[in-house]
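Data block below; observations after.
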Amino acid sequence: MTAALGPKTDARRHHDPSVRGFASDNYAGVHPEVLAAIALANDGHQVAYGEDQYTEHLQRIMHSHFGPTAEAFPVFNGTGANVTALQALTDRWGAVICAESAHINVDEGGAPERMGGLKLLTVATPDGKLTPELIDRQAWGWEDEHRAMPQVVSITQNTELGTVYTVDEIKAIVEHAHSKGMKVHLDGARIANAAASLDVPMRAFTSAAGVDVISYGGTKNGMMFGEAVVVLNPDAVSHMKHLRKLSMQLASKMRFVSVQLEALLAKDLWLRNARHANTMAQRLAAGVRAVDGVEILYPVQANAVFARLPHEVSRRLQERFRFYFWDEAAGDVRWMCSFDTSEDDVDAFLQALKEEMAR
């Protein structure tokens with residue numbers, strides 16, 4: 001019996017590939033280099049559950065980005081990465097301090113609490129970023145048995161509002177958290193976009209800054225599926241392998257997650273993709289600023305543009321391009337650029353925005 005099958009398929013295309021949008025960088029397809037890597041790993045048999053050669057090689061790649069103590073645990077998705085990482089950092093009575101706007105609080109369906117069994121202690125922020133002073137609003141009561149114990153500070157880089165922590169801001173947070181006996185988790189769903197924005201290596205605001213664990217995001221940067229929990233400080237966690245399985249994040253055919261991460265990280269594909277998405281967001285923001293009646297809400301520092309415009313205009317515009325309301329009552333919207341957003345996509349959207357604003 002032959003191990004390889006021919007290319008014939010009965011699958012049919014069910015979408016119009018010419019349709020473009022600004023709803024999410026998850027809407028984009030898979031980068032061709034990542035697709036080629038998956039095909040490369042497909043022939044023959046490899047040991048399952050992470051004992052394959054691709055996952056082994058991934059560890060060396062992670063060392064090159066995050067240092068010799070880094071250990072990657074590939075998982076299926078971002079919520080799984082966050083929940084698994086936070087479980088590894090907390091006791092059963094532990095709590096996690098995060099921004100009110102953090103993905104773990106707003107967009108994960110209560111998974112950290114329901115599946116991770118931990119408490120989120122949220123803090124309102126003006127721009128999605130925590131500071132030592134904001135952390136202290138929730139960093140108290142360690143000896144109070146009536147209160148969940150603050151054990152972890154979780155930050156998002158870049159944030160849910162598209163803003164980016166500087167290296168010094170993260171160092172200050174880590175120093176403050178560690179001084180109070182807390183650990184630091186970084187949700188890096190768009191970590192590549194942050195590094196591209198800051199023009200620094202990812203290690204500069206992670207391992208070199210003292211972050212203990214990161215959730216490394218790949219799907220928004222060109223992968224088909226998959227992320228990784230990357231343990232930077234091995235003393236901060238225990239039994240990650242068991243927790244990953246317990247959290248239903250152990251991929252049997254893990255090589256197909258690991259080879260995608262390798263395709264991104266072995267050279268500079270991760271950075272090329274992120275820089276392009278960020279550049280398209282800057283082009284979009286520049287065009288939006290020239291449209292009377294549209295307000296950009298936050299600094300455009302990565303691949304997101306948040307804006308406020310008349311509700312009826314947004315509704316009409318959504319009939320031409322997909323995007324989401326961020327706060328529908330206020331008229332706030334979010335426009336995301338991805339690795340495959342083109343200048344023509346941006347220009348066509350800006351023309352449509354001008355037309356709808358003029359109606």
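Within each chain, counting starts at residue 1; across the structure tokens, chains are named A, B, ... in the order shown, with ligands numbered 1 upward in that order.
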- prompt: Which polymer residues have any atom within 9 Å of an atom of A:Phe349, counting only C-alpha atoms, with same-chain residues fewer than 5 positions away left out, as a list in words?
  reply: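 Contacts, in chain order: Gly21, Phe22, Leu284, Leu317, Arg320, Phe321, Asp344 and Lys354 of chain A.
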- request: Compare A:Cys337, A:Asn77, A:Tyr54, A:Ser314 by their minimum atom-to-atom distance to A:Gly226, counting only C-alpha atoms, and give me the closest one.
  value: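 Using only C-alpha atoms, A:Gly226 sits closest to A:Asn77.
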query: Taking the backbone alone, and naming residues the way the document does, which bits of stretch 71-255 of chain A are alpha helix (DSSP H) by DSSP, as an MDAnalysis selection string?
result: chainID A and resid 78:89 103:106 111:114 132:135 167:179 191:198 240:246 255
Got a sec: who's within 12 Å of A:Arg20, counting only C-alpha atoms, leaving out chain neighbours fewer than 3 positions off, as an mmCIF file with N, CA and C atoms, in the first residue's frame?
data_model
loop_
_atom_site.group_PDB
_atom_site.id
_atom_site.type_symbol
_atom_site.label_atom_id
_atom_site.label_comp_id
_atom_site.auth_asym_id
_atom_site.auth_seq_id
_atom_site.Cartn_x
_atom_site.Cartn_y
_atom_site.Cartn_z
ATOM 1 N N HIS A 15 -16.325 29.682 -1.695
ATOM 2 C CA HIS A 15 -16.296 31.107 -1.402
ATOM 3 C C HIS A 15 -15.716 31.849 -2.590
ATOM 4 N N ASP A 16 -15.954 33.132 -2.594
ATOM 5 C CA ASP A 16 -15.423 34.010 -3.628
ATOM 6 C C ASP A 16 -14.090 34.576 -3.128
ATOM 7 N N PRO A 17 -12.965 34.156 -3.685
ATOM 8 C CA PRO A 17 -11.665 34.615 -3.178
ATOM 9 C C PRO A 17 -11.384 36.087 -3.424
ATOM 10 N N ALA A 23 -12.271 42.740 9.023
ATOM 11 C CA ALA A 23 -12.877 42.316 10.282
ATOM 12 C C ALA A 23 -11.844 41.744 11.245
ATOM 13 N N SER A 24 -10.959 40.896 10.741
ATOM 14 C CA SER A 24 -10.008 40.228 11.623
ATOM 15 C C SER A 24 -8.860 39.673 10.810
ATOM 16 N N ASP A 25 -7.675 39.641 11.416
ATOM 17 C CA ASP A 25 -6.558 38.976 10.758
ATOM 18 C C ASP A 25 -6.730 37.465 10.759
ATOM 19 N N TYR A 27 -9.366 36.251 9.377
ATOM 20 C CA TYR A 27 -10.093 36.024 8.137
ATOM 21 C C TYR A 27 -9.147 35.660 6.993
ATOM 22 N N ALA A 28 -7.880 36.050 7.120
ATOM 23 C CA ALA A 28 -6.920 35.803 6.046
ATOM 24 C C ALA A 28 -6.671 34.306 5.892
ATOM 25 N N GLY A 29 -6.201 33.933 4.721
ATOM 26 C CA GLY A 29 -5.849 32.538 4.481
ATOM 27 C C GLY A 29 -4.523 32.164 5.121
ATOM 28 N N GLN A 318 -20.542 48.119 6.069
ATOM 29 C CA GLN A 318 -20.428 46.683 6.341
ATOM 30 C C GLN A 318 -21.052 45.844 5.226
ATOM 31 N N GLU A 319 -21.936 46.431 4.441
ATOM 32 C CA GLU A 319 -22.508 45.716 3.306
ATOM 33 C C GLU A 319 -21.499 45.579 2.165
ATOM 34 N N ARG A 320 -20.429 46.382 2.234
ATOM 35 C CA ARG A 320 -19.409 46.357 1.183
ATOM 36 C C ARG A 320 -18.111 45.688 1.655
ATOM 37 N N PHE A 321 -17.798 45.836 2.941
ATOM 38 C CA PHE A 321 -16.605 45.226 3.527
ATOM 39 C C PHE A 321 -16.960 44.700 4.924
ATOM 40 N N ARG A 322 -16.460 43.511 5.249
ATOM 41 C CA ARG A 322 -16.704 42.974 6.574
ATOM 42 C C ARG A 322 -15.794 43.649 7.596
ATOM 43 N N PHE A 323 -16.394 44.082 8.718
ATOM 44 C CA PHE A 323 -15.652 44.526 9.892
ATOM 45 C C PHE A 323 -16.620 44.510 11.063
ATOM 46 N N MET A 336 -9.039 45.695 10.974
ATOM 47 C CA MET A 336 -7.802 44.934 11.110
ATOM 48 C C MET A 336 -7.164 44.700 9.744
ATOM 49 N N CYS A 337 -5.845 44.798 9.708
ATOM 50 C CA CYS A 337 -5.089 44.442 8.508
ATOM 51 C C CYS A 337 -4.315 43.163 8.769
ATOM 52 N N SER A 338 -4.070 42.414 7.705
ATOM 53 C CA SER A 338 -3.411 41.110 7.840
ATOM 54 C C SER A 338 -2.211 41.033 6.899
ATOM 55 N N ASP A 340 -1.900 39.540 4.226
ATOM 56 C CA ASP A 340 -2.228 39.569 2.798
ATOM 57 C C ASP A 340 -3.089 40.763 2.400
ATOM 58 N N THR A 341 -3.265 41.725 3.321
ATOM 59 C CA THR A 341 -3.960 42.966 2.947
ATOM 60 C C THR A 341 -3.093 43.730 1.946
ATOM 61 N N SER A 342 -3.695 44.147 0.862
ATOM 62 C CA SER A 342 -2.935 44.855 -0.175
ATOM 63 C C SER A 342 -3.237 46.353 -0.148
ATOM 64 N N GLU A 343 -2.391 47.118 -0.809
ATOM 65 C CA GLU A 343 -2.646 48.553 -0.944
ATOM 66 C C GLU A 343 -3.969 48.787 -1.667
ATOM 67 N N ASP A 344 -4.260 47.956 -2.647
ATOM 68 C CA ASP A 344 -5.535 48.095 -3.368
ATOM 69 C C ASP A 344 -6.714 47.852 -2.434
ATOM 70 N N ASP A 345 -6.576 46.871 -1.512
ATOM 71 C CA ASP A 345 -7.643 46.615 -0.532
ATOM 72 C C ASP A 345 -7.899 47.864 0.306
ATOM 73 N N VAL A 346 -6.830 48.453 0.803
ATOM 74 C CA VAL A 346 -6.949 49.639 1.655
ATOM 75 C C VAL A 346 -7.559 50.794 0.871
ATOM 76 N N ASP A 347 -7.076 51.018 -0.319
ATOM 77 C CA ASP A 347 -7.564 52.144 -1.115
ATOM 78 C C ASP A 347 -9.031 51.972 -1.493
ATOM 79 N N ALA A 348 -9.428 50.738 -1.793
ATOM 80 C CA ALA A 348 -10.832 50.488 -2.127
ATOM 81 C C ALA A 348 -11.729 50.735 -0.910
ATOM 82 N N PHE A 349 -11.255 50.333 0.268
ATOM 83 C CA PHE A 349 -12.028 50.554 1.492
ATOM 84 C C PHE A 349 -12.148 52.049 1.786
#
message: Need to verify the contact set: A:Ile173, 9 Å, only C-alpha atoms, exclusion of same-chain residues closer than 6 positions in sequence. Can you return it as number ranges by chain?
response: A: 130-132, 135, 153, 184
Take the residues from that selection and put them in a file with C-alpha atoms, as a tab-separated table (two decimals), in the first residue's frame.
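Now in again_22.tsv:
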chain	number	residue	atom	x	y	z
A	130	LEU	CA	-1.43	47.99	32.61
A	131	THR	CA	1.06	49.92	34.72
A	132	PRO	CA	2.49	49.15	38.17
A	135	ILE	CA	-1.82	46.64	38.96
A	153	VAL	CA	-0.19	39.58	36.05
A	184	VAL	CA	3.98	37.48	34.59
- request: Write out as a list in words which residues come within 8 Å of A:Gln301 when counting only C-alpha atoms, dropping same-chain ones fewer than 4 positions away.
  value: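 Surrounding residues, per the criterion: Gly162, Thr163, Val164, Ala194, Ser197 and Asn278 of chain A.
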Could you save the residues just selected, with all heavy atoms, as an mmCIF file, in the first residue's frame?
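Everything below was put into result_36.cif:
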data_model
loop_
_atom_site.group_PDB
_atom_site.id
_atom_site.type_symbol
_atom_site.label_atom_id
_atom_site.label_comp_id
_atom_site.auth_asym_id
_atom_site.auth_seq_id
_atom_site.Cartn_x
_atom_site.Cartn_y
_atom_site.Cartn_z
ATOM 1 N N GLY A 162 -4.904 47.701 20.181
ATOM 2 C CA GLY A 162 -3.918 47.977 19.149
ATOM 3 C C GLY A 162 -2.702 48.744 19.619
ATOM 4 O O GLY A 162 -1.851 49.098 18.804
ATOM 5 N N THR A 163 -2.619 49.009 20.922
ATOM 6 C CA THR A 163 -1.472 49.733 21.461
ATOM 7 C C THR A 163 -0.360 48.746 21.831
ATOM 8 O O THR A 163 -0.603 47.563 22.051
ATOM 9 C CB THR A 163 -1.872 50.552 22.693
ATOM 10 O OG1 THR A 163 -2.537 49.697 23.635
ATOM 11 C CG2 THR A 163 -2.799 51.682 22.296
ATOM 12 N N VAL A 164 0.862 49.261 21.916
ATOM 13 C CA VAL A 164 2.035 48.415 22.121
ATOM 14 C C VAL A 164 2.797 48.868 23.366
ATOM 15 O O VAL A 164 3.101 50.061 23.512
ATOM 16 C CB VAL A 164 2.970 48.464 20.890
ATOM 17 C CG1 VAL A 164 4.247 47.667 21.134
ATOM 18 C CG2 VAL A 164 2.239 47.932 19.653
ATOM 19 N N ALA A 194 3.840 43.416 17.429
ATOM 20 C CA ALA A 194 4.445 44.286 18.435
ATOM 21 C C ALA A 194 5.940 44.427 18.202
ATOM 22 O O ALA A 194 6.500 45.532 18.266
ATOM 23 C CB ALA A 194 4.167 43.737 19.832
ATOM 24 N N SER A 197 6.542 46.630 15.281
ATOM 25 C CA SER A 197 6.259 48.019 15.609
ATOM 26 C C SER A 197 7.401 48.650 16.399
ATOM 27 O O SER A 197 7.801 49.791 16.135
ATOM 28 C CB SER A 197 4.959 48.112 16.414
ATOM 29 O OG SER A 197 4.702 49.433 16.838
ATOM 30 N N ASN A 278 1.272 45.787 9.616
ATOM 31 C CA ASN A 278 1.384 47.079 10.293
ATOM 32 C C ASN A 278 1.421 48.238 9.288
ATOM 33 O O ASN A 278 0.799 49.277 9.503
ATOM 34 C CB ASN A 278 2.650 47.118 11.143
ATOM 35 C CG ASN A 278 2.583 46.211 12.360
ATOM 36 O OD1 ASN A 278 1.604 45.506 12.573
ATOM 37 N ND2 ASN A 278 3.635 46.227 13.164
#
field: Surrounding residues of A:Ala266 excluding itself and chain neighbours under 2 positions, 9 Å, only C-alpha atoms, as a ChimeraX atom specification
entry: /A:58,61-62,64,261-264,268-270
task: Mind checking which residues fall within 10 Å of A:Val123, counting only C-alpha atoms, ignoring those fewer than 5 positions away in the same chain, and posting them as a list in words?
output: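 Everything that qualifies: Ile97, Cys98, Ala99, Glu100, Ser101, Ala102, Gly128, Lys129, Leu130, Leu134, Ile135, Asp136, Arg137 and Gln138 of chain A.
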Please tabulate, as CSV, the residues of stretch 232-346 of chain A that come within 9 Å of stretch 87-93 of chain A, each with its closest pair of atoms and the distance in Å to one decimal, counting only C-alpha atoms and ordering rows by chain, then residue number upward.
residue,atom,partner,partner_atom,distance
A:Ala236,CA,A:Leu89,CA,6.5
A:Val237,CA,A:Ala88,CA,5.3
A:Ser238,CA,A:Ala88,CA,6.5
A:His239,CA,A:Ala88,CA,7.6
A:Met240,CA,A:Ala88,CA,6.5
A:Leu243,CA,A:Ala88,CA,7.0
May I have the selected residues written with N, CA, C and O atoms, as an mmCIF file, in the first residue's frame?
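File out-v7.cif, as written:
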data_model
loop_
_atom_site.group_PDB
_atom_site.id
_atom_site.type_symbol
_atom_site.label_atom_id
_atom_site.label_comp_id
_atom_site.auth_asym_id
_atom_site.auth_seq_id
_atom_site.Cartn_x
_atom_site.Cartn_y
_atom_site.Cartn_z
ATOM 1 N N ALA A 236 8.931 28.814 37.108
ATOM 2 C CA ALA A 236 7.631 29.435 37.343
ATOM 3 C C ALA A 236 6.467 28.467 37.178
ATOM 4 O O ALA A 236 5.361 28.750 37.632
ATOM 5 N N VAL A 237 6.699 27.342 36.518
ATOM 6 C CA VAL A 237 5.608 26.397 36.228
ATOM 7 C C VAL A 237 6.038 24.985 36.604
ATOM 8 O O VAL A 237 7.216 24.704 36.829
ATOM 9 N N SER A 238 5.063 24.118 36.650
ATOM 10 C CA SER A 238 5.363 22.702 36.858
ATOM 11 C C SER A 238 4.349 21.860 36.095
ATOM 12 O O SER A 238 3.205 22.267 35.920
ATOM 13 N N HIS A 239 4.803 20.738 35.600
ATOM 14 C CA HIS A 239 3.938 19.742 34.952
ATOM 15 C C HIS A 239 3.160 20.303 33.757
ATOM 16 O O HIS A 239 1.977 20.017 33.572
ATOM 17 N N MET A 240 3.857 21.083 32.923
ATOM 18 C CA MET A 240 3.194 21.646 31.751
ATOM 19 C C MET A 240 2.675 20.564 30.813
ATOM 20 O O MET A 240 1.604 20.712 30.220
ATOM 21 N N LEU A 243 -0.565 19.376 32.156
ATOM 22 C CA LEU A 243 -1.603 20.396 32.057
ATOM 23 C C LEU A 243 -2.095 20.562 30.624
ATOM 24 O O LEU A 243 -3.283 20.781 30.389
#
field: Members of stretch 58-192 of chain A assigned strand (DSSP E) by DSSP, as a ChimeraX atom specification
entry: /A:71-75,94-99,119-123,149-156,183-188
field: Pick from A:Ala358, A:Met248, A:Met223, A:Val305, whichever lies nearest to A:Asp292 using only C-alpha atoms
entry: A:Ala358
Gap from atom CA of A:Gly67 to atom CA of A:Thr79 - Å, one decimal: 24.7 Å
message: Restricting the calculation to only C-alpha atoms: of A:Ala139, A:Ala352, A:Val300, A:Leu121, which residue gets closest to A:Lys180?
response: A:Ala139
task: Rank A:Met202, A:Ala304, A:Val106, A:Met224 by their smallest atom-to-atom distance to A:His31, using only C-alpha atoms, and report the top residue only.
output: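 Selected residue with least distance to A:His31: A:Met224.
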Given only C-alpha atoms as the counted atoms, nearest of A:Leu353, A:Ile296, A:Val83, A:Ala39 to A:Met115: A:Val83
task: Choose the residue, out of A:Lys241, A:Gly78, A:Pro299, A:Ala329, that has the smallest atom-to-atom separation from A:Pro126; count only C-alpha atoms.
output: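 Once distances to A:Pro126 are computed over only C-alpha atoms, the minimum belongs to A:Pro299.
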